Amino acid sequence: MRRVQLIPAIDLLGGQAVRLHQGRYDQVTVYDQDPAALAARLRRACDRLHVVDLEGARAGSPVQADVVRAVVAAFGVDGGSVQVGGGIRSAAAAERYLALGADRIVLGTAAVNEPALVRDLADRFPGRVVVAVDAKDGRVAVQGWEQVSSVTALDVARALAGAPIAALLYTDVSRDGTQVGPNLEATRELSASCGFPVLASGGVGSLAHLRALAQIPGVAGVIVGRALYEGAFTLAEAIEAAGG
């Protein structure tokens, strides 16, 4: 089995590490009141962390930059890499997070509304831009998942063809935080057609789900959150199941 990178997620809301259910801000579970301490614990077993400023995603600009700075500092010990998203819709916001020490920046809404900005950032920072395509019924959700665009994940990928993007992050919003299993069919179709490495997210609830994703050609990483924090498996078990 190919090695697929296991990437824990820390979603930030009100300075705490939380998870939403299906992207809904009125269904929040708090997992840790000290995200930086959580990041330090995760660093003991993994090399990359996915961080999302949920408030920034809704506001359209970074809100929890101070918390992100603390998380990046805690996880960055001995070379740990952090990718940060949520409200990055300008060059200034992207540059700010990179200056804080983030290894990668994640852009979603901007990839739909301003693909030229995303392409420019990818050209300036090759291999450090991740494009998030969060799908609801096949269409990409934007503005913190509260609006649905008219484009598909593949449309976004095609608009950015040839750009030096690190990866395409695919999430089925209807499955996010549910642990019912990822959308394997959609992930497989996107991975076969998009031309970029794919990071899979949304719905992982068991080691079997991780093994299934690891068997899809083109999937380079899997992001996990709720299942990890609620004890469906340990981080060590998840890394092994992903082929690491």
# chains A, B, ... in the order shown; residues from 1 in each chain; ligands from 1
>>> select_by_dssp(residues="segment 91-153 of chain A", states="strand (DSSP E)", output="list in words")
Arg104, Ile105, Val106, Leu107, Val129, Val130, Val131, Ala132, Val133, Asp134, Ala135, Lys136, Arg139, Val140, Ala141, Val142, Gln147, Val148, Ser149, Ser150, Val151 and Thr152 of chain A
>>> residues_around(residues="segment 77-85 of chain A", least_positions_apart="3", cutoff="10 Å", atoms="only C-alpha atoms", output="ChimeraX atom specification")
/A:7,9-11,39-40,43-44,46-54,56-57,62,68,71-74,88-89,94,97-98,101-108,128-132
>>> write_last_selection(atoms="N, CA and C atoms", output="short mmCIF file (atom, residue, chain, number, x, y, z; two decimals), in the first residue's frame")
data_model
loop_
_atom_site.label_atom_id
_atom_site.label_comp_id
_atom_site.auth_asym_id
_atom_site.auth_seq_id
_atom_site.Cartn_x
_atom_site.Cartn_y
_atom_site.Cartn_z
N ILE A 7 -2.84 13.63 8.45
CA ILE A 7 -2.75 15.02 8.87
C ILE A 7 -3.89 15.33 9.86
N ALA A 9 -6.33 17.60 12.16
CA ALA A 9 -6.88 18.94 11.96
C ALA A 9 -7.18 19.60 13.30
N ILE A 10 -6.87 20.88 13.39
CA ILE A 10 -7.30 21.71 14.51
C ILE A 10 -8.13 22.85 13.93
N ASP A 11 -9.42 22.84 14.22
CA ASP A 11 -10.31 23.92 13.79
C ASP A 11 -10.48 24.88 14.96
N ALA A 39 -1.48 21.02 19.79
CA ALA A 39 -0.54 20.91 18.66
C ALA A 39 0.78 20.29 19.11
N ALA A 40 1.25 20.67 20.28
CA ALA A 40 2.50 20.12 20.80
C ALA A 40 2.39 18.61 21.02
N ARG A 43 2.44 16.81 17.66
CA ARG A 43 3.76 16.83 17.02
C ARG A 43 4.60 15.62 17.39
N ARG A 44 4.32 15.00 18.51
CA ARG A 44 5.10 13.84 18.94
C ARG A 44 4.96 12.67 17.97
N CYS A 46 3.30 13.09 14.48
CA CYS A 46 3.08 13.40 13.06
C CYS A 46 3.86 14.64 12.65
N ASP A 47 4.01 14.80 11.34
CA ASP A 47 4.87 15.86 10.80
C ASP A 47 4.12 17.04 10.23
N ARG A 48 2.82 16.89 9.97
CA ARG A 48 2.05 17.98 9.38
C ARG A 48 0.73 18.15 10.11
N LEU A 49 0.31 19.42 10.23
CA LEU A 49 -0.92 19.76 10.93
C LEU A 49 -1.75 20.68 10.05
N HIS A 50 -3.06 20.48 10.06
CA HIS A 50 -3.99 21.30 9.29
C HIS A 50 -4.77 22.18 10.26
N VAL A 51 -4.68 23.49 10.10
CA VAL A 51 -5.32 24.43 11.01
C VAL A 51 -6.28 25.33 10.24
N VAL A 52 -7.50 25.49 10.77
CA VAL A 52 -8.50 26.33 10.12
C VAL A 52 -9.04 27.36 11.10
N ASP A 53 -8.98 28.61 10.71
CA ASP A 53 -9.61 29.70 11.46
C ASP A 53 -11.07 29.79 11.00
N LEU A 54 -11.95 29.15 11.75
CA LEU A 54 -13.36 29.11 11.34
C LEU A 54 -14.01 30.49 11.34
N GLY A 56 -12.41 33.27 10.77
CA GLY A 56 -11.84 33.93 9.60
C GLY A 56 -12.54 33.50 8.32
N ALA A 57 -12.90 32.21 8.25
CA ALA A 57 -13.58 31.71 7.06
C ALA A 57 -14.90 32.43 6.83
N PRO A 62 -8.39 36.81 8.22
CA PRO A 62 -7.96 36.14 9.45
C PRO A 62 -8.48 36.84 10.70
N VAL A 68 -3.28 31.14 15.92
CA VAL A 68 -2.56 30.41 14.87
C VAL A 68 -1.05 30.53 15.10
N VAL A 71 -0.05 28.11 17.76
CA VAL A 71 -0.13 26.73 17.27
C VAL A 71 1.06 26.42 16.36
N VAL A 72 1.36 27.34 15.45
CA VAL A 72 2.49 27.14 14.54
C VAL A 72 3.80 27.01 15.33
N ALA A 73 3.97 27.85 16.33
CA ALA A 73 5.19 27.80 17.14
C ALA A 73 5.29 26.47 17.89
N ALA A 74 4.15 26.00 18.43
CA ALA A 74 4.15 24.76 19.20
C ALA A 74 4.41 23.54 18.32
N ILE A 88 -8.33 33.40 4.09
CA ILE A 88 -7.19 33.88 3.29
C ILE A 88 -7.71 34.22 1.90
N ARG A 89 -8.02 35.49 1.70
CA ARG A 89 -8.61 35.92 0.43
C ARG A 89 -7.90 37.12 -0.14
N ALA A 94 -2.29 36.01 3.00
CA ALA A 94 -1.42 34.86 2.72
C ALA A 94 -0.01 35.12 3.21
N TYR A 97 0.38 34.89 7.09
CA TYR A 97 0.49 33.55 7.67
C TYR A 97 1.83 32.90 7.35
N LEU A 98 2.33 33.12 6.15
CA LEU A 98 3.64 32.57 5.82
C LEU A 98 4.72 33.21 6.71
N GLY A 101 5.20 31.66 10.02
CA GLY A 101 5.85 30.36 10.06
C GLY A 101 5.07 29.22 9.47
N ALA A 102 3.87 29.49 8.93
CA ALA A 102 3.11 28.43 8.27
C ALA A 102 3.87 27.94 7.05
N ASP A 103 3.89 26.63 6.87
CA ASP A 103 4.57 26.05 5.71
C ASP A 103 3.71 26.17 4.47
N ARG A 104 2.40 26.03 4.65
CA ARG A 104 1.45 26.12 3.53
C ARG A 104 0.26 26.99 3.91
N ILE A 105 -0.34 27.60 2.91
CA ILE A 105 -1.58 28.34 3.09
C ILE A 105 -2.67 27.64 2.29
N VAL A 106 -3.87 27.65 2.83
CA VAL A 106 -5.00 26.96 2.21
C VAL A 106 -6.04 27.99 1.78
N LEU A 107 -6.39 27.99 0.50
CA LEU A 107 -7.37 28.94 -0.02
C LEU A 107 -8.53 28.19 -0.64
N GLY A 108 -9.75 28.58 -0.28
CA GLY A 108 -10.93 27.94 -0.81
C GLY A 108 -11.81 28.91 -1.57
N ARG A 128 3.57 25.78 -1.91
CA ARG A 128 3.14 26.19 -0.57
C ARG A 128 1.67 26.61 -0.54
N VAL A 129 0.98 26.46 -1.66
CA VAL A 129 -0.45 26.81 -1.73
C VAL A 129 -1.28 25.54 -1.89
N VAL A 130 -2.24 25.35 -0.99
CA VAL A 130 -3.20 24.26 -1.09
C VAL A 130 -4.56 24.87 -1.45
N VAL A 131 -5.22 24.29 -2.42
CA VAL A 131 -6.54 24.78 -2.83
C VAL A 131 -7.61 23.86 -2.23
N ALA A 132 -8.50 24.44 -1.44
CA ALA A 132 -9.57 23.68 -0.80
C ALA A 132 -10.83 23.73 -1.65
#
>>> atom_distance(atom1="atom CA of Val173 of chain A", atom2="atom CA of Ser90 of chain A")
24.0 Å
>>> residues_around(residues="Pro217 of chain A", least_positions_apart="3", cutoff="10 Å", atoms="only C-alpha atoms", output="ChimeraX atom specification")
/A:2,187-188,191-192,197-198,213-214,220
>>> write_last_selection(atoms="N, CA and C atoms", output="PDB file, in the first residue's frame")
ATOM      1  N   ARG A   2       0.512   2.244  -0.794  1.00  0.00           N
ATOM      2  CA  ARG A   2       1.268   3.491  -0.841  1.00  0.00           C
ATOM      3  C   ARG A   2       1.221   4.200   0.514  1.00  0.00           C
ATOM      4  N   THR A 187     -13.950  11.320  -4.412  1.00  0.00           N
ATOM      5  CA  THR A 187     -12.503  11.496  -4.217  1.00  0.00           C
ATOM      6  C   THR A 187     -11.732  10.815  -5.331  1.00  0.00           C
ATOM      7  N   ARG A 188     -12.166   9.620  -5.677  1.00  0.00           N
ATOM      8  CA  ARG A 188     -11.493   8.862  -6.746  1.00  0.00           C
ATOM      9  C   ARG A 188     -11.622   9.576  -8.089  1.00  0.00           C
ATOM     10  N   SER A 191      -9.440  12.782  -8.048  1.00  0.00           N
ATOM     11  CA  SER A 191      -8.024  12.455  -8.067  1.00  0.00           C
ATOM     12  C   SER A 191      -7.564  12.005  -9.453  1.00  0.00           C
ATOM     13  N   ALA A 192      -8.428  11.294 -10.163  1.00  0.00           N
ATOM     14  CA  ALA A 192      -8.079  10.790 -11.487  1.00  0.00           C
ATOM     15  C   ALA A 192      -8.068  11.885 -12.545  1.00  0.00           C
ATOM     16  N   PRO A 197      -1.960  16.448  -6.658  1.00  0.00           N
ATOM     17  CA  PRO A 197      -2.128  15.545  -5.518  1.00  0.00           C
ATOM     18  C   PRO A 197      -3.374  15.958  -4.740  1.00  0.00           C
ATOM     19  N   VAL A 198      -4.060  14.987  -4.168  1.00  0.00           N
ATOM     20  CA  VAL A 198      -5.305  15.257  -3.442  1.00  0.00           C
ATOM     21  C   VAL A 198      -5.133  14.948  -1.964  1.00  0.00           C
ATOM     22  N   LEU A 213      -9.069   5.085   1.574  1.00  0.00           N
ATOM     23  CA  LEU A 213      -8.548   6.303   0.943  1.00  0.00           C
ATOM     24  C   LEU A 213      -7.109   6.112   0.484  1.00  0.00           C
ATOM     25  N   ALA A 214      -6.324   5.376   1.265  1.00  0.00           N
ATOM     26  CA  ALA A 214      -4.919   5.159   0.931  1.00  0.00           C
ATOM     27  C   ALA A 214      -4.743   4.335  -0.338  1.00  0.00           C
ATOM     28  N   ALA A 220      -2.658  11.940  -1.637  1.00  0.00           N
ATOM     29  CA  ALA A 220      -1.362  12.122  -0.983  1.00  0.00           C
ATOM     30  C   ALA A 220      -1.470  12.255   0.523  1.00  0.00           C
TER      31      ALA A 220
END
>>> residues_around(residues="segment 143-159 of chain A", least_positions_apart="4", cutoff="10 Å", atoms="only C-alpha atoms", output="MDAnalysis selection string")
chainID A and resid 22:25 53:60 86:87 108:113 115:116 119 131:139 163 168:171 173 186 189:191 193:196
>>> write_last_selection(atoms="N, CA and C atoms", output="short mmCIF file (atom, residue, chain, number, x, y, z; two decimals), in the first residue's frame")
data_model
loop_
_atom_site.label_atom_id
_atom_site.label_comp_id
_atom_site.auth_asym_id
_atom_site.auth_seq_id
_atom_site.Cartn_x
_atom_site.Cartn_y
_atom_site.Cartn_z
N GLN A 22 -21.04 18.81 9.84
CA GLN A 22 -21.46 19.17 8.48
C GLN A 22 -21.27 20.66 8.20
N GLY A 23 -20.23 21.23 8.80
CA GLY A 23 -19.91 22.63 8.54
C GLY A 23 -20.85 23.62 9.21
N ARG A 24 -21.68 23.18 10.15
CA ARG A 24 -22.66 24.06 10.77
C ARG A 24 -22.09 24.71 12.03
N TYR A 25 -22.14 26.03 12.06
CA TYR A 25 -21.58 26.78 13.18
C TYR A 25 -22.47 26.71 14.42
N ASP A 53 -8.98 28.61 10.71
CA ASP A 53 -9.61 29.70 11.46
C ASP A 53 -11.07 29.79 11.00
N LEU A 54 -11.95 29.15 11.75
CA LEU A 54 -13.36 29.11 11.34
C LEU A 54 -14.01 30.49 11.34
N GLU A 55 -13.63 31.32 12.29
CA GLU A 55 -14.16 32.68 12.31
C GLU A 55 -13.65 33.47 11.12
N GLY A 56 -12.41 33.27 10.77
CA GLY A 56 -11.84 33.93 9.60
C GLY A 56 -12.54 33.50 8.32
N ALA A 57 -12.90 32.21 8.25
CA ALA A 57 -13.58 31.71 7.06
C ALA A 57 -14.90 32.43 6.83
N ARG A 58 -15.60 32.72 7.91
CA ARG A 58 -16.88 33.45 7.79
C ARG A 58 -16.67 34.94 7.56
N ALA A 59 -15.64 35.50 8.20
CA ALA A 59 -15.42 36.94 8.12
C ALA A 59 -14.76 37.37 6.82
N GLY A 60 -14.02 36.45 6.20
CA GLY A 60 -13.35 36.78 4.95
C GLY A 60 -11.93 37.29 5.13
N GLY A 86 -8.63 29.51 6.22
CA GLY A 86 -9.72 30.21 6.88
C GLY A 86 -9.60 31.70 6.72
N GLY A 87 -10.27 32.26 5.71
CA GLY A 87 -10.26 33.71 5.52
C GLY A 87 -9.09 34.26 4.75
N GLY A 108 -9.75 28.58 -0.28
CA GLY A 108 -10.93 27.94 -0.81
C GLY A 108 -11.81 28.91 -1.57
N THR A 109 -12.42 29.85 -0.86
CA THR A 109 -13.29 30.84 -1.50
C THR A 109 -12.55 31.60 -2.59
N ALA A 110 -11.30 31.97 -2.33
CA ALA A 110 -10.52 32.72 -3.33
C ALA A 110 -10.30 31.92 -4.60
N ALA A 111 -10.22 30.60 -4.48
CA ALA A 111 -10.00 29.77 -5.67
C ALA A 111 -11.20 29.81 -6.60
N VAL A 112 -12.39 30.06 -6.03
CA VAL A 112 -13.60 30.17 -6.84
C VAL A 112 -13.78 31.59 -7.35
N ASN A 113 -13.61 32.56 -6.46
CA ASN A 113 -13.92 33.96 -6.81
C ASN A 113 -12.75 34.70 -7.44
N PRO A 115 -9.46 33.19 -8.97
CA PRO A 115 -8.43 32.21 -9.33
C PRO A 115 -7.11 32.86 -9.74
N ALA A 116 -7.16 34.08 -10.26
CA ALA A 116 -5.92 34.76 -10.65
C ALA A 116 -5.05 35.04 -9.43
N ARG A 119 -3.45 31.71 -8.42
CA ARG A 119 -2.37 31.37 -9.35
C ARG A 119 -1.14 32.24 -9.09
N VAL A 131 -5.22 24.29 -2.42
CA VAL A 131 -6.54 24.78 -2.83
C VAL A 131 -7.61 23.86 -2.23
N ALA A 132 -8.50 24.44 -1.44
CA ALA A 132 -9.57 23.68 -0.80
C ALA A 132 -10.83 23.73 -1.65
N VAL A 133 -11.35 22.57 -1.99
CA VAL A 133 -12.63 22.48 -2.70
C VAL A 133 -13.58 21.68 -1.79
N ASP A 134 -14.51 22.41 -1.20
CA ASP A 134 -15.44 21.84 -0.23
C ASP A 134 -16.80 21.73 -0.88
N ALA A 135 -17.22 20.50 -1.14
CA ALA A 135 -18.39 20.29 -1.99
C ALA A 135 -19.66 19.99 -1.22
N LYS A 136 -20.74 20.61 -1.67
CA LYS A 136 -22.09 20.30 -1.22
C LYS A 136 -22.89 19.90 -2.45
N ASP A 137 -23.32 18.64 -2.48
CA ASP A 137 -24.06 18.12 -3.64
C ASP A 137 -23.30 18.39 -4.94
N GLY A 138 -22.00 18.24 -4.89
CA GLY A 138 -21.19 18.35 -6.09
C GLY A 138 -20.71 19.76 -6.41
N ARG A 139 -21.24 20.77 -5.75
CA ARG A 139 -20.86 22.16 -6.00
C ARG A 139 -19.98 22.67 -4.87
N ALA A 163 -0.57 25.40 -12.57
CA ALA A 163 -0.02 26.22 -11.48
C ALA A 163 0.73 25.32 -10.50
N LEU A 168 -4.66 19.64 -3.84
CA LEU A 168 -6.07 20.01 -3.83
C LEU A 168 -6.71 19.30 -2.64
N LEU A 169 -7.30 20.06 -1.75
CA LEU A 169 -7.94 19.50 -0.56
C LEU A 169 -9.43 19.34 -0.83
N TYR A 170 -9.89 18.09 -0.87
CA TYR A 170 -11.29 17.81 -1.17
C TYR A 170 -12.05 17.38 0.08
N THR A 171 -13.14 18.06 0.35
CA THR A 171 -14.02 17.73 1.49
C THR A 171 -15.46 17.63 1.02
N VAL A 173 -18.75 18.20 2.34
CA VAL A 173 -19.25 18.91 3.51
C VAL A 173 -20.34 18.12 4.23
N ALA A 186 -16.37 10.20 -5.18
CA ALA A 186 -16.04 11.56 -5.61
C ALA A 186 -14.55 11.83 -5.47
N GLU A 189 -12.82 10.07 -8.39
CA GLU A 189 -13.04 10.76 -9.66
C GLU A 189 -12.21 12.03 -9.76
N LEU A 190 -12.16 12.80 -8.67
CA LEU A 190 -11.40 14.04 -8.67
C LEU A 190 -9.90 13.76 -8.79
N SER A 191 -9.44 12.78 -8.05
CA SER A 191 -8.02 12.46 -8.07
C SER A 191 -7.56 12.00 -9.45
N SER A 193 -8.73 13.01 -12.25
CA SER A 193 -8.93 14.01 -13.29
C SER A 193 -8.30 15.37 -13.03
N CYS A 194 -7.95 15.67 -11.77
CA CYS A 194 -7.62 17.06 -11.44
C CYS A 194 -6.20 17.47 -11.79
N GLY A 195 -5.28 16.51 -11.86
CA GLY A 195 -3.90 16.86 -12.19
C GLY A 195 -3.05 17.29 -11.01
N PHE A 196 -3.61 17.28 -9.80
CA PHE A 196 -2.87 17.66 -8.59
C PHE A 196 -2.94 16.54 -7.56
#
>>> closest_residue(among="A:Leu184, A:Val204, A:Ala241, A:Ala70", to="Ala227 of chain A", atoms="only C-alpha atoms")
A:Val204
>>> residues_around(residues="Gly221 of chain A", least_positions_apart="5", cutoff="6 Å", atoms="only C-alpha atoms", output="PyMOL selection string")
chain A and resi 4-6+199
>>> select_by_dssp(residues="chain A", states="helix (DSSP H, G or I)", output="NGL selection string")
:A and (35-43 or 54-59 or 65-75 or 77-79 or 91-99 or 109-113 or 115-124 or 153-159 or 173-175 or 184-193 or 207-214 or 226-229 or 235-241)
>>> atom_distance(atom1="atom CA of Ala17 of chain A", atom2="atom CA of Ile165 of chain A")
27.4 Å
>>> closest_residue(among="A:Gly231, A:Gly218, A:Gly14, A:Gly205", to="Pro35 of chain A", atoms="only C-alpha atoms")
A:Gly14
>>> closest_residue(among="A:Gly162, A:Pro182, A:Gly243, A:Gly225", to="Leu42 of chain A", atoms="only C-alpha atoms")
A:Gly225
